Amino acid sequence: MSNVLTRREFLARASTAAAIALAPGLRLRGEVANSPFRIAVITDEVSEDFGHACEIASREFGMRWVELRELWNKNILDLNPQEISEAQRILRRFDLRVTDIASPLFKADWPGAPRSKFSQRDEFRAGFTFNQQDEVLQRATALAKAFGTDRVRCFDFWRIEGQAPYRAAINEKLHETAEKAGRNNIILLLENEEACNTSTAAEAAKVLAAVPSSNLMFNWDPANAAACGERPYPDGYRLLPKNRIGHCHCKDTVKRGREYEWQAMGKGAVDWVGQFKAFKQDGYHSAVSLETHWDGGGSPEQSSRKSWAGMKEILQKAEAL
C-alpha cells in the first residue's frame, strides 16, 4: 500500500490540524469526556453573561457540564419564561448539560431560634424567608425539569449558635422535604457551608445518618470544611458515607493568621489530588464543579481561567483527566 498522500488527503489533514490548533477547548473536550467525573463550572463564577460563560466553559475549558446559580444578574429562581428559553437555547448551542440547580433552598432562619451573625443574609440575590421555602422547592423542581437535571442544591438553615435543641426538627424538615422532592424524581444535595448548620464533613455525617432518605445526598465542599478548621481530606472525607455524595464543589483556601482566604485551585491547603484519587477509587461519577470564589486574577473571568488551569493540572495528576 502506498504511503504517499493524495492532495485531497493532505489538505483534509492540514485543515483538521489547523482547526484543532485554533480550538484548544475542542481538544480538551475529548480529555474531559474521558474523565470519570462530570467536570463543570458554576457559570456566574465566570460571568453573569450566561452566553459568554457557556462559551468559555465549552470552547475554552472544554467542559460538557455547567452548574446554574445566577444568570444575567438574577438568581435562577427569578428567571422568567423567556429567559429560561434563552438559557436552554444557549446550552444547546454550546452542547452543554446541567449538573444541578444551585438553589438557595433553606438558606433562611429557622423559626423560633435565636439569631446569629449569619441570620437573614441575602446572598446571590436569594433573600427568601422561611415561609417561602415551599415555593423555592417548587420553583427549583420546575427548573430542574426544564434544564434536564434531577438534582437541586439545598442547605440546612442559617447557623444557630447552640443548634442542639433545634437539630431534630431541622432533620425532620430535611427528611420531609427530601421525600417530597423524591415524589418528583428530584434529589436534594445538602451543601456544607460555614454560614449554615452543616459546615463540615463531621457535621454532615451526623445529618446524613439522621436523615437516611435516598432523596437527600451530599454536596461535598472540601474548601468550605477547611475554612471551618477541618482537614477535609483525608480526615473529613473518611467520615462521609461515600454512596451519599452526589456533587462536589471545587475551590481552594489557605489560612492567613486566624482567617481563611480563598485561593485558586491547587494554591491552597486542600489536598485535591488525594481527594480526586479517592473519588476514583470509591467509584464516584458525579459532578466536580469549579466554584472559583477566589478573586485574585483581576476579574471573575480571569480568576476562573487561572483556577481552572490549576484544577486541570490536579485532575491530570490524579489521572482523572
# chains A, B, ... in the order shown; residues from 1 in each chain; ligands from 1
$ select_by_dssp --residues "region 3-205 of chain A" --states "strand (DSSP E or B)" --output "PyMOL selection string"
chain A and resi 38-42+65-68+70-71+74-75+97-105+151-154+158+187-191+196
$ residues_around --residues "Met63 (chain A)" --least-positions-apart "5" --cutoff "10 Å" --atoms "only C-alpha atoms" --output "list of chain:residue names"
A:Gly25, A:Leu26, A:Leu28, A:Arg29, A:Gly30, A:Glu31, A:Val32, A:Ala33, A:Arg38, A:Ile39, A:Ala40, A:Val41, A:Cys54, A:Glu55, A:Ile56, A:Ala57, A:Ser58, A:Phe94, A:Asp95, A:Leu96, A:Arg97
$ write_last_selection --atoms "C-alpha atoms" --output "compact mmCIF listing (two decimals), in the first residue's frame"
# COMPACT_ATOMS: atom_id res chain seq x y z
CA GLY A 25 -11.06 23.66 24.04
CA LEU A 26 -12.06 21.17 21.35
CA LEU A 28 -9.65 19.26 25.86
CA ARG A 29 -13.29 18.26 25.38
CA GLY A 30 -12.11 14.81 24.36
CA GLU A 31 -10.00 14.54 27.50
CA VAL A 32 -12.79 15.86 29.73
CA ALA A 33 -15.24 13.41 28.21
CA ARG A 38 -18.79 15.29 35.30
CA ILE A 39 -16.41 18.24 35.13
CA ALA A 40 -18.33 21.51 35.38
CA VAL A 41 -18.21 25.16 36.41
CA CYS A 54 -21.09 28.98 28.44
CA GLU A 55 -18.83 29.81 25.51
CA ILE A 56 -15.79 29.84 27.81
CA ALA A 57 -16.88 26.67 29.62
CA SER A 58 -17.38 24.78 26.37
CA PHE A 94 -22.63 25.07 23.19
CA ASP A 95 -23.59 21.41 23.70
CA LEU A 96 -23.71 21.74 27.49
CA ARG A 97 -25.74 19.85 30.07
$ closest_atom_pairs --of "region 144-182 of chain A" --to "region 98-110 of chain A" --cutoff "9 Å" --atoms "only C-alpha atoms" --output "JSON lines"
{"residue": "A:Ala144", "atom": "CA", "partner": "A:Ile101", "partner_atom": "CA", "distance": 6.1}
{"residue": "A:Phe147", "atom": "CA", "partner": "A:Val98", "partner_atom": "CA", "distance": 6.4}
{"residue": "A:Gly148", "atom": "CA", "partner": "A:Val98", "partner_atom": "CA", "distance": 6.8}
{"residue": "A:Thr149", "atom": "CA", "partner": "A:Asp100", "partner_atom": "CA", "distance": 5.8}
{"residue": "A:Asp150", "atom": "CA", "partner": "A:Asp100", "partner_atom": "CA", "distance": 7.0}
{"residue": "A:Arg151", "atom": "CA", "partner": "A:Asp100", "partner_atom": "CA", "distance": 4.7}
{"residue": "A:Val152", "atom": "CA", "partner": "A:Ile101", "partner_atom": "CA", "distance": 4.8}
{"residue": "A:Arg153", "atom": "CA", "partner": "A:Ala102", "partner_atom": "CA", "distance": 4.8}
{"residue": "A:Cys154", "atom": "CA", "partner": "A:Leu105", "partner_atom": "CA", "distance": 4.7}
{"residue": "A:Phe155", "atom": "CA", "partner": "A:Phe106", "partner_atom": "CA", "distance": 5.2}
{"residue": "A:Asp156", "atom": "CA", "partner": "A:Phe106", "partner_atom": "CA", "distance": 5.6}
{"residue": "A:Phe157", "atom": "CA", "partner": "A:Lys107", "partner_atom": "CA", "distance": 4.9}
{"residue": "A:Trp158", "atom": "CA", "partner": "A:Asp109", "partner_atom": "CA", "distance": 5.4}
{"residue": "A:Arg159", "atom": "CA", "partner": "A:Asp109", "partner_atom": "CA", "distance": 8.1}
{"residue": "A:Ile160", "atom": "CA", "partner": "A:Trp110", "partner_atom": "CA", "distance": 8.3}
{"residue": "A:Tyr166", "atom": "CA", "partner": "A:Trp110", "partner_atom": "CA", "distance": 8.4}
{"residue": "A:Ile170", "atom": "CA", "partner": "A:Trp110", "partner_atom": "CA", "distance": 8.0}
$ residues_around --residues "region 242-253 of chain A" --least-positions-apart "4" --cutoff "9 Å" --atoms "only C-alpha atoms" --output "compact mmCIF listing (two decimals) with C-alpha atoms, in the first residue's frame"
# COMPACT_ATOMS: atom_id res chain seq x y z
CA VAL A 41 -18.21 25.16 36.41
CA THR A 99 -25.40 19.15 36.66
CA ASP A 100 -27.88 20.67 39.10
CA ARG A 151 -30.58 17.47 41.33
CA ILE A 187 -32.58 14.51 44.64
CA LEU A 188 -31.67 17.23 47.14
CA LEU A 189 -27.96 17.97 47.60
CA GLU A 191 -24.11 21.51 50.95
CA LEU A 208 -26.93 12.06 56.76
CA SER A 214 -32.22 8.22 49.43
CA LEU A 216 -31.07 13.51 50.25
CA MET A 217 -27.46 13.36 49.14
CA PHE A 218 -24.42 15.45 49.99
CA ASN A 219 -22.81 18.34 48.10
CA TRP A 220 -19.25 17.99 49.43
CA ASP A 221 -17.29 21.26 49.55
CA PRO A 222 -13.82 20.48 50.95
CA ALA A 223 -12.69 24.11 50.95
CA ASN A 224 -15.74 25.18 52.97
CA ALA A 226 -11.21 23.63 55.55
CA ALA A 227 -12.32 27.21 56.21
CA TYR A 237 -13.82 12.60 53.71
CA ARG A 238 -13.15 9.45 55.76
CA TYR A 260 -9.02 31.81 55.74
CA GLU A 261 -8.69 33.25 52.25
CA TRP A 262 -9.91 31.72 49.01
CA GLN A 263 -7.25 30.64 46.56
CA ALA A 264 -7.02 29.35 43.01
CA MET A 265 -7.30 25.58 42.78
CA GLY A 266 -4.01 23.99 43.76
CA LYS A 267 -2.74 27.07 45.60
CA GLY A 268 -4.35 26.38 48.96
CA ALA A 269 -4.40 23.80 51.73
CA VAL A 270 -6.89 21.28 50.32
CA TRP A 272 -7.27 17.93 45.88
CA PHE A 279 -13.20 9.67 44.38
CA ASP A 282 -14.57 4.86 45.55
CA GLY A 283 -16.42 4.86 42.23
CA TYR A 284 -17.65 8.45 42.33
CA HIS A 285 -19.02 9.54 38.94
CA SER A 286 -20.99 12.69 39.69
CA ALA A 287 -20.01 16.34 39.26
CA VAL A 288 -16.80 18.07 40.27
CA SER A 289 -17.82 21.68 39.75
CA LEU A 290 -15.42 24.63 39.76
CA GLU A 291 -16.66 27.30 42.15
CA THR A 292 -13.86 29.83 41.73
CA HIS A 293 -14.65 32.26 44.60
CA TRP A 294 -11.03 33.47 44.50
CA SER A 307 -8.36 28.35 38.85
CA MET A 311 -7.92 22.22 38.61
$ select_by_dssp --residues "region 74-243 of chain A" --states "helix (DSSP H, G or I)" --output "PyMOL selection string"
chain A and resi 76-78+81-93+130-146+164-182+201-210+222-226+232-239+242-243
$ atom_distance --atom1 "CA of Pro300 (chain A)" --atom2 "CA of Arg258 (chain A)"
25.7 Å
